[in-house]
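A.B. asks: Pasting a structure below so you can have a look.
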Amino acid sequence: MIPLSSPDITEAEIAAVTAVLRTPQLCMGPELDAFEKAMAEYHSVPHAVAVSSGTAGLQMALLTLAIGAGHEVIVPSFAFIAVANAVAQVGATPVFADVDELTLNLTPESVKKVITPRTRAIIAVHTFGIPADMIGLRELASAHNLVIIEDACEAIGAKIGDKRAGAFGDLSIFGFYPNKQITTGEGGAVLAHSQIHAQRLEQLRNQGRARQPHPANSPDLPGTWDIGFNYRLSDIACALGRVQLQRIDEILSKRRQAAERYHRLLEGINAIELPPIALPGIEISWFVYVIRLGVGVDRTRLRECLAADGVATATYFEPIHQQPAWSRFNRQPMPVAESVGPRTLALPFFTRITEEEQQEVATSLRQALLQR
Ligand SMILES: Cc1ncc(COP(=O)(O)O)c(C=O)c1O
C-alpha cells in the first residue's frame, strides 16, 4: 500500500529522543525550552509555547484572548473540524464563513458578511499549506476591533512576502500530528507576541500554575487563569520536534519537489483539477496534495479502484457546517465549501514519497478514471 502520509524520521531524531530517555527529566526540561526557542526564532516571533496538540493550542489561544460565552468567532466552513470544536469548547459560538474557490481560505469579503456585534475573533486557517490573505484579514479585523488567531497547523514554513505563516496572528497555532510537515507524534505550539500572553499560555498549559514567578511589575491576570489544563508537551516529543525543525528546509524542499512531480504527472487529465502549484506573493508549504474531481465523477468508486491498486486516499474536508455535530447550528449556504467538499481527493503525499510511487499513483488514477 502507498500510504496517504508518513513521517520522515532520521537517525538524528532517534538519537535526540533516546538521549532524553537516558535523563531523569522527561517533561518540562531543557528540550521543552530548546524547542520553544527554536520555534520562536524560526518564525521571528518573541514567544513560543509548546502544547499537547493543535486543538489544545486553539482552546488556549481563545482563552488567553478572553473569548468565551456570548462571543462569536468566525471560522472557515471548509477546514479541519477542530477549529469549530475549539471555539465551542471555550463556550463561544463558531460562525462559519465560506472560502475562496482557489485557495480554499477565508477572504476579507466572506468574513465581512458574517460579522455581528458579538464577533470577537477570526480563526484564519492556511488550508493545505496555502497562506490566507492575512494582510486583508488584518485590515478588516482592525476596522471591527477583532483579534486574529492564525491557524498555521497545516502551513509551517509557508510565507507571505518575506514573513512566515504564524507571524501574523495575535496568537498563532501549529500542530505536529504525524501527517504534518514536521511531527512530535502528537503536539502543537502557540506563538505569542507579548510576554503576558506567553505567561497566560504557560499557566493554562500547566493546571493554571505559573512556570516561573511573575516579574513584580506584571499586571494581575484577569479572569479565571488559575483554572488550567494539562496540555503539556513532553521533552521526548520536544526533542523530536527540535530535530525535525532543524531539518525543515530539506523537508519542505522535498515536499515541494513531490508536489511539482504530481503536477507534471497529472497535468492534462480532463476529469480532475490540480491544486495551484504557485501563487503570487506567497510560498506554499506543501502539507497534502488534494485534487478536485470533475462534477459527476463517483468519488467512492474511484477510491475503491485506487485502494484495489494499493493507493491510499482521503477526502479533505467535508464542510464543517455539514458534519453531524455542526449541521444543526448553521442554516446559511456556503456555496464554495459545499461545491468543493464532495469533490476533493487527497493523494498519497509525504516527504519521502518516491518518483516511482507517484508514477504508480498517477497510473492508477488514470485507469480508475477510465473505468468509472
Ligand atoms: C487547520 C488545523 N487546525 C487544527 C488542527 C488540530 O491539530 P491537532 O490534531 O494537533 O489537535 C489541525 C490538525 O490537523 C488542523 O489541520
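Residues in the C-alpha cells are named by chain (A, B, ... in the order shown) and by number from 1 within that chain; ligands are numbered from 1 in the order shown.
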Enumerate residues in contact with ligand 1: an atom-to-atom distance of at most 10 Å, counting only C-alpha atoms and all ligand atoms. Format the result as an mmCIF file with N, CA and C atoms, in the first residue's frame.
C.D. replies:
```cif
data_model
loop_
_atom_site.group_PDB
_atom_site.id
_atom_site.type_symbol
_atom_site.label_atom_id
_atom_site.label_comp_id
_atom_site.auth_asym_id
_atom_site.auth_seq_id
_atom_site.Cartn_x
_atom_site.Cartn_y
_atom_site.Cartn_z
ATOM 1 N N VAL A 51 2.629 22.808 23.233
ATOM 2 C CA VAL A 51 1.426 22.236 23.862
ATOM 3 C C VAL A 51 1.168 20.835 23.301
ATOM 4 N N SER A 52 0.176 20.176 23.892
ATOM 5 C CA SER A 52 -0.020 18.754 23.586
ATOM 6 C C SER A 52 -0.686 18.494 22.238
ATOM 7 N N SER A 53 -1.325 19.489 21.640
ATOM 8 C CA SER A 53 -1.927 19.321 20.301
ATOM 9 C C SER A 53 -2.294 20.685 19.735
ATOM 10 N N GLY A 54 -2.599 20.693 18.449
ATOM 11 C CA GLY A 54 -3.080 21.925 17.833
ATOM 12 C C GLY A 54 -4.414 22.347 18.426
ATOM 13 N N THR A 55 -5.267 21.375 18.707
ATOM 14 C CA THR A 55 -6.580 21.690 19.284
ATOM 15 C C THR A 55 -6.418 22.334 20.656
ATOM 16 N N ALA A 56 -5.509 21.788 21.466
ATOM 17 C CA ALA A 56 -5.230 22.389 22.777
ATOM 18 C C ALA A 56 -4.741 23.819 22.588
ATOM 19 N N GLY A 57 -3.897 24.023 21.585
ATOM 20 C CA GLY A 57 -3.387 25.366 21.296
ATOM 21 C C GLY A 57 -4.513 26.320 20.936
ATOM 22 N N LEU A 58 -5.451 25.861 20.123
ATOM 23 C CA LEU A 58 -6.588 26.714 19.747
ATOM 24 C C LEU A 58 -7.407 27.091 20.982
ATOM 25 N N GLN A 59 -7.708 26.110 21.818
ATOM 26 C CA GLN A 59 -8.505 26.404 23.024
ATOM 27 C C GLN A 59 -7.781 27.411 23.909
ATOM 28 N N PRO A 76 -13.549 29.184 9.081
ATOM 29 C CA PRO A 76 -13.901 28.737 7.727
ATOM 30 C C PRO A 76 -14.801 27.509 7.768
ATOM 31 N N PHE A 78 -14.826 25.367 5.350
ATOM 32 C CA PHE A 78 -14.016 24.301 4.752
ATOM 33 C C PHE A 78 -12.691 24.264 5.504
ATOM 34 N N ALA A 79 -12.607 23.409 6.523
ATOM 35 C CA ALA A 79 -11.369 23.312 7.311
ATOM 36 C C ALA A 79 -11.470 22.096 8.201
ATOM 37 N N PHE A 80 -10.383 21.826 8.914
ATOM 38 C CA PHE A 80 -10.412 20.721 9.859
ATOM 39 C C PHE A 80 -11.350 21.096 11.008
ATOM 40 N N ILE A 81 -12.150 20.124 11.435
ATOM 41 C CA ILE A 81 -13.257 20.376 12.378
ATOM 42 C C ILE A 81 -12.791 20.953 13.721
ATOM 43 N N ALA A 82 -11.512 20.759 14.059
ATOM 44 C CA ALA A 82 -11.004 21.259 15.348
ATOM 45 C C ALA A 82 -11.233 22.759 15.515
ATOM 46 N N VAL A 83 -11.251 23.516 14.420
ATOM 47 C CA VAL A 83 -11.378 24.980 14.579
ATOM 48 C C VAL A 83 -12.739 25.341 15.161
ATOM 49 N N ALA A 84 -13.790 24.627 14.744
ATOM 50 C CA ALA A 84 -15.120 24.910 15.297
ATOM 51 C C ALA A 84 -15.242 24.295 16.689
ATOM 52 N N ASN A 85 -14.723 23.088 16.843
ATOM 53 C CA ASN A 85 -14.824 22.416 18.144
ATOM 54 C C ASN A 85 -14.169 23.253 19.246
ATOM 55 N N ALA A 86 -12.979 23.780 18.963
ATOM 56 C CA ALA A 86 -12.245 24.528 19.994
ATOM 57 C C ALA A 86 -13.041 25.753 20.446
ATOM 58 N N ILE A 123 -10.668 33.016 13.191
ATOM 59 C CA ILE A 123 -9.617 31.989 13.112
ATOM 60 C C ILE A 123 -9.279 31.826 11.636
ATOM 61 N N ALA A 124 -8.110 32.329 11.258
ATOM 62 C CA ALA A 124 -7.680 32.282 9.856
ATOM 63 C C ALA A 124 -6.807 31.049 9.659
ATOM 64 N N VAL A 125 -7.317 30.109 8.877
ATOM 65 C CA VAL A 125 -6.599 28.852 8.638
ATOM 66 C C VAL A 125 -5.880 28.950 7.291
ATOM 67 N N HIS A 126 -4.651 28.440 7.241
ATOM 68 C CA HIS A 126 -3.928 28.335 5.959
ATOM 69 C C HIS A 126 -4.152 26.919 5.435
ATOM 70 N N THR A 127 -5.275 26.730 4.779
ATOM 71 C CA THR A 127 -5.684 25.368 4.442
ATOM 72 C C THR A 127 -4.740 24.712 3.433
ATOM 73 N N PHE A 128 -4.369 23.498 3.737
ATOM 74 C CA PHE A 128 -3.471 22.663 2.918
ATOM 75 C C PHE A 128 -2.094 23.315 2.729
ATOM 76 N N GLY A 129 -1.761 24.320 3.550
ATOM 77 C CA GLY A 129 -0.442 24.949 3.462
ATOM 78 C C GLY A 129 -0.388 26.185 2.582
ATOM 79 N N GLU A 150 -4.280 32.900 14.180
ATOM 80 C CA GLU A 150 -3.782 32.371 12.905
ATOM 81 C C GLU A 150 -3.542 30.879 13.085
ATOM 82 N N ASP A 151 -4.278 30.077 12.362
ATOM 83 C CA ASP A 151 -4.124 28.627 12.486
ATOM 84 C C ASP A 151 -3.192 28.149 11.378
ATOM 85 N N ALA A 152 -1.924 27.987 11.757
ATOM 86 C CA ALA A 152 -0.901 27.578 10.788
ATOM 87 C C ALA A 152 -0.563 26.089 10.931
ATOM 88 N N CYS A 153 -1.522 25.330 11.506
ATOM 89 C CA CYS A 153 -1.275 23.890 11.735
ATOM 90 C C CYS A 153 -0.852 23.176 10.456
ATOM 91 N N GLU A 154 -1.383 23.631 9.309
ATOM 92 C CA GLU A 154 -1.098 22.923 8.053
ATOM 93 C C GLU A 154 -0.018 23.625 7.238
ATOM 94 N N ALA A 155 0.597 24.663 7.800
ATOM 95 C CA ALA A 155 1.374 25.548 6.921
ATOM 96 C C ALA A 155 2.728 25.974 7.474
ATOM 97 N N ILE A 173 -1.197 29.233 15.846
ATOM 98 C CA ILE A 173 -1.237 27.838 16.287
ATOM 99 C C ILE A 173 -0.541 26.931 15.278
ATOM 100 N N PHE A 174 0.189 25.960 15.797
ATOM 101 C CA PHE A 174 0.793 24.912 14.960
ATOM 102 C C PHE A 174 0.392 23.548 15.516
ATOM 103 N N GLY A 175 0.375 22.564 14.631
ATOM 104 C CA GLY A 175 0.058 21.202 15.057
ATOM 105 C C GLY A 175 1.112 20.261 14.497
ATOM 106 N N PHE A 176 1.461 19.240 15.270
ATOM 107 C CA PHE A 176 2.555 18.343 14.870
ATOM 108 C C PHE A 176 2.146 16.882 14.854
ATOM 109 N N TYR A 177 0.900 16.624 14.475
ATOM 110 C CA TYR A 177 0.449 15.252 14.280
ATOM 111 C C TYR A 177 1.327 14.626 13.176
ATOM 112 N N PRO A 178 1.469 13.281 13.169
ATOM 113 C CA PRO A 178 2.444 12.686 12.234
ATOM 114 C C PRO A 178 2.191 12.906 10.739
ATOM 115 N N ASN A 179 1.005 13.363 10.363
ATOM 116 C CA ASN A 179 0.813 13.645 8.920
ATOM 117 C C ASN A 179 1.310 15.040 8.546
ATOM 118 N N LYS A 180 1.744 15.816 9.531
ATOM 119 C CA LYS A 180 2.159 17.192 9.248
ATOM 120 C C LYS A 180 3.593 17.221 8.681
ATOM 121 N N THR A 183 6.783 16.626 12.743
ATOM 122 C CA THR A 183 5.932 15.998 13.767
ATOM 123 C C THR A 183 6.632 15.898 15.111
ATOM 124 N N THR A 184 5.792 15.837 16.164
ATOM 125 C CA THR A 184 6.278 15.465 17.500
ATOM 126 C C THR A 184 5.492 14.236 17.982
ATOM 127 N N GLY A 185 4.888 13.500 17.095
ATOM 128 C CA GLY A 185 3.999 12.392 17.463
ATOM 129 C C GLY A 185 2.599 12.941 17.630
ATOM 130 N N GLU A 186 2.299 13.498 18.755
ATOM 131 C CA GLU A 186 1.180 14.419 18.979
ATOM 132 C C GLU A 186 1.827 15.706 19.457
ATOM 133 N N GLY A 187 1.196 16.833 19.238
ATOM 134 C CA GLY A 187 1.778 18.051 19.785
ATOM 135 C C GLY A 187 1.358 19.285 19.021
ATOM 136 N N GLY A 188 1.734 20.413 19.552
ATOM 137 C CA GLY A 188 1.410 21.677 18.911
ATOM 138 C C GLY A 188 2.221 22.791 19.549
ATOM 139 N N ALA A 189 1.987 23.999 19.073
ATOM 140 C CA ALA A 189 2.663 25.159 19.660
ATOM 141 C C ALA A 189 1.809 26.387 19.407
ATOM 142 N N PHE A 287 1.519 20.600 2.516
ATOM 143 C CA PHE A 287 1.043 19.710 3.584
ATOM 144 C C PHE A 287 0.460 18.437 2.974
#
```
A.B. asks: I want to know what sits within 12 Å of Leu245 (chain A), based on only C-alpha atoms, with residues of the same chain fewer than 6 positions away left out; could you give that as a list in words?
C.D. replies: Asp8, Ile9, Ala12, Glu13, Ala34, Phe35, Glu36, Lys37, Ala38, Met39, Ala40, Glu41, Tyr42, His43, Ile156, Gly157, Phe176, Lys180, Gln181, Ile182, Thr183, Thr184, Cys238, Ala239, Ile251 and Leu252 of chain A
A.B. asks: Check the DSSP output for the backbone and give back, as a VMD selection string, the residues of region 189-363 of chain A in helix (DSSP H, G or I).
C.D. replies: chain A and resid 195 to 205 235 to 246 248 to 266 299 to 308 320 to 322 324 to 327 335 to 343 355 to 363
A.B. asks: Would you pick out the contacts of region 98-115 of chain A at 10 Å or less, using only C-alpha atoms, so that residues sharing its chain but fewer than 3 positions from it are not included, and give the list as number ranges by chain?
C.D. replies: A: 72-79, 95, 118-141, 144, 146, 275-276, 279, 319, 332-340
A.B. asks: Could you dump the residues just selected with C-alpha atoms as a compact mmCIF listing (two decimals), in the first residue's frame?
C.D. replies:
```
# COMPACT_ATOMS: atom_id res chain seq x y z
CA GLU A 72 -18.82 34.73 18.20
CA VAL A 73 -15.70 33.53 16.41
CA ILE A 74 -15.59 33.38 12.62
CA VAL A 75 -14.15 30.14 11.25
CA PRO A 76 -13.90 28.74 7.73
CA SER A 77 -16.60 26.26 6.75
CA PHE A 78 -14.02 24.30 4.75
CA ALA A 79 -11.37 23.31 7.31
CA VAL A 95 -19.83 31.31 12.92
CA ARG A 118 -20.96 39.76 19.07
CA THR A 119 -17.99 38.86 16.85
CA ARG A 120 -14.71 38.90 18.77
CA ALA A 121 -12.24 36.91 16.68
CA ILE A 122 -11.38 35.33 13.35
CA ILE A 123 -9.62 31.99 13.11
CA ALA A 124 -7.68 32.28 9.86
CA VAL A 125 -6.60 28.85 8.64
CA HIS A 126 -3.93 28.34 5.96
CA THR A 127 -5.68 25.37 4.44
CA PHE A 128 -3.47 22.66 2.92
CA GLY A 129 -0.44 24.95 3.46
CA ILE A 130 -1.60 27.83 1.24
CA PRO A 131 -1.45 31.06 3.23
CA ALA A 132 -4.67 33.03 3.69
CA ASP A 133 -4.78 36.76 2.90
CA MET A 134 -3.52 37.84 6.31
CA ILE A 135 -2.98 41.44 5.24
CA GLY A 136 -6.59 41.85 4.09
CA LEU A 137 -7.94 39.96 7.10
CA ARG A 138 -5.87 42.11 9.46
CA GLU A 139 -7.25 45.31 7.89
CA LEU A 140 -10.79 44.03 8.34
CA ALA A 141 -10.10 42.85 11.89
CA HIS A 144 -14.01 45.92 13.52
CA LEU A 146 -11.40 41.87 16.26
CA PRO A 275 -4.15 22.41 -6.75
CA PRO A 276 -2.34 25.67 -7.58
CA LEU A 279 0.67 31.81 -6.30
CA PRO A 319 -17.53 21.25 5.18
CA GLN A 332 -26.56 29.55 5.83
CA PRO A 333 -25.48 28.17 2.45
CA MET A 334 -21.71 28.09 1.80
CA PRO A 335 -21.59 27.63 -1.97
CA VAL A 336 -17.83 27.16 -2.40
CA ALA A 337 -17.31 24.82 0.56
CA GLU A 338 -20.40 22.83 -0.42
CA SER A 339 -19.30 22.52 -4.04
CA VAL A 340 -15.65 21.64 -3.33
```
A.B. asks: Residues near Asp235 (chain A), anyone? I mean within 7 Å using only C-alpha atoms, not counting same-chain ones fewer than 3 positions away, as a ChimeraX atom specification.
C.D. replies: /A:20,26-29,31-32,238-239
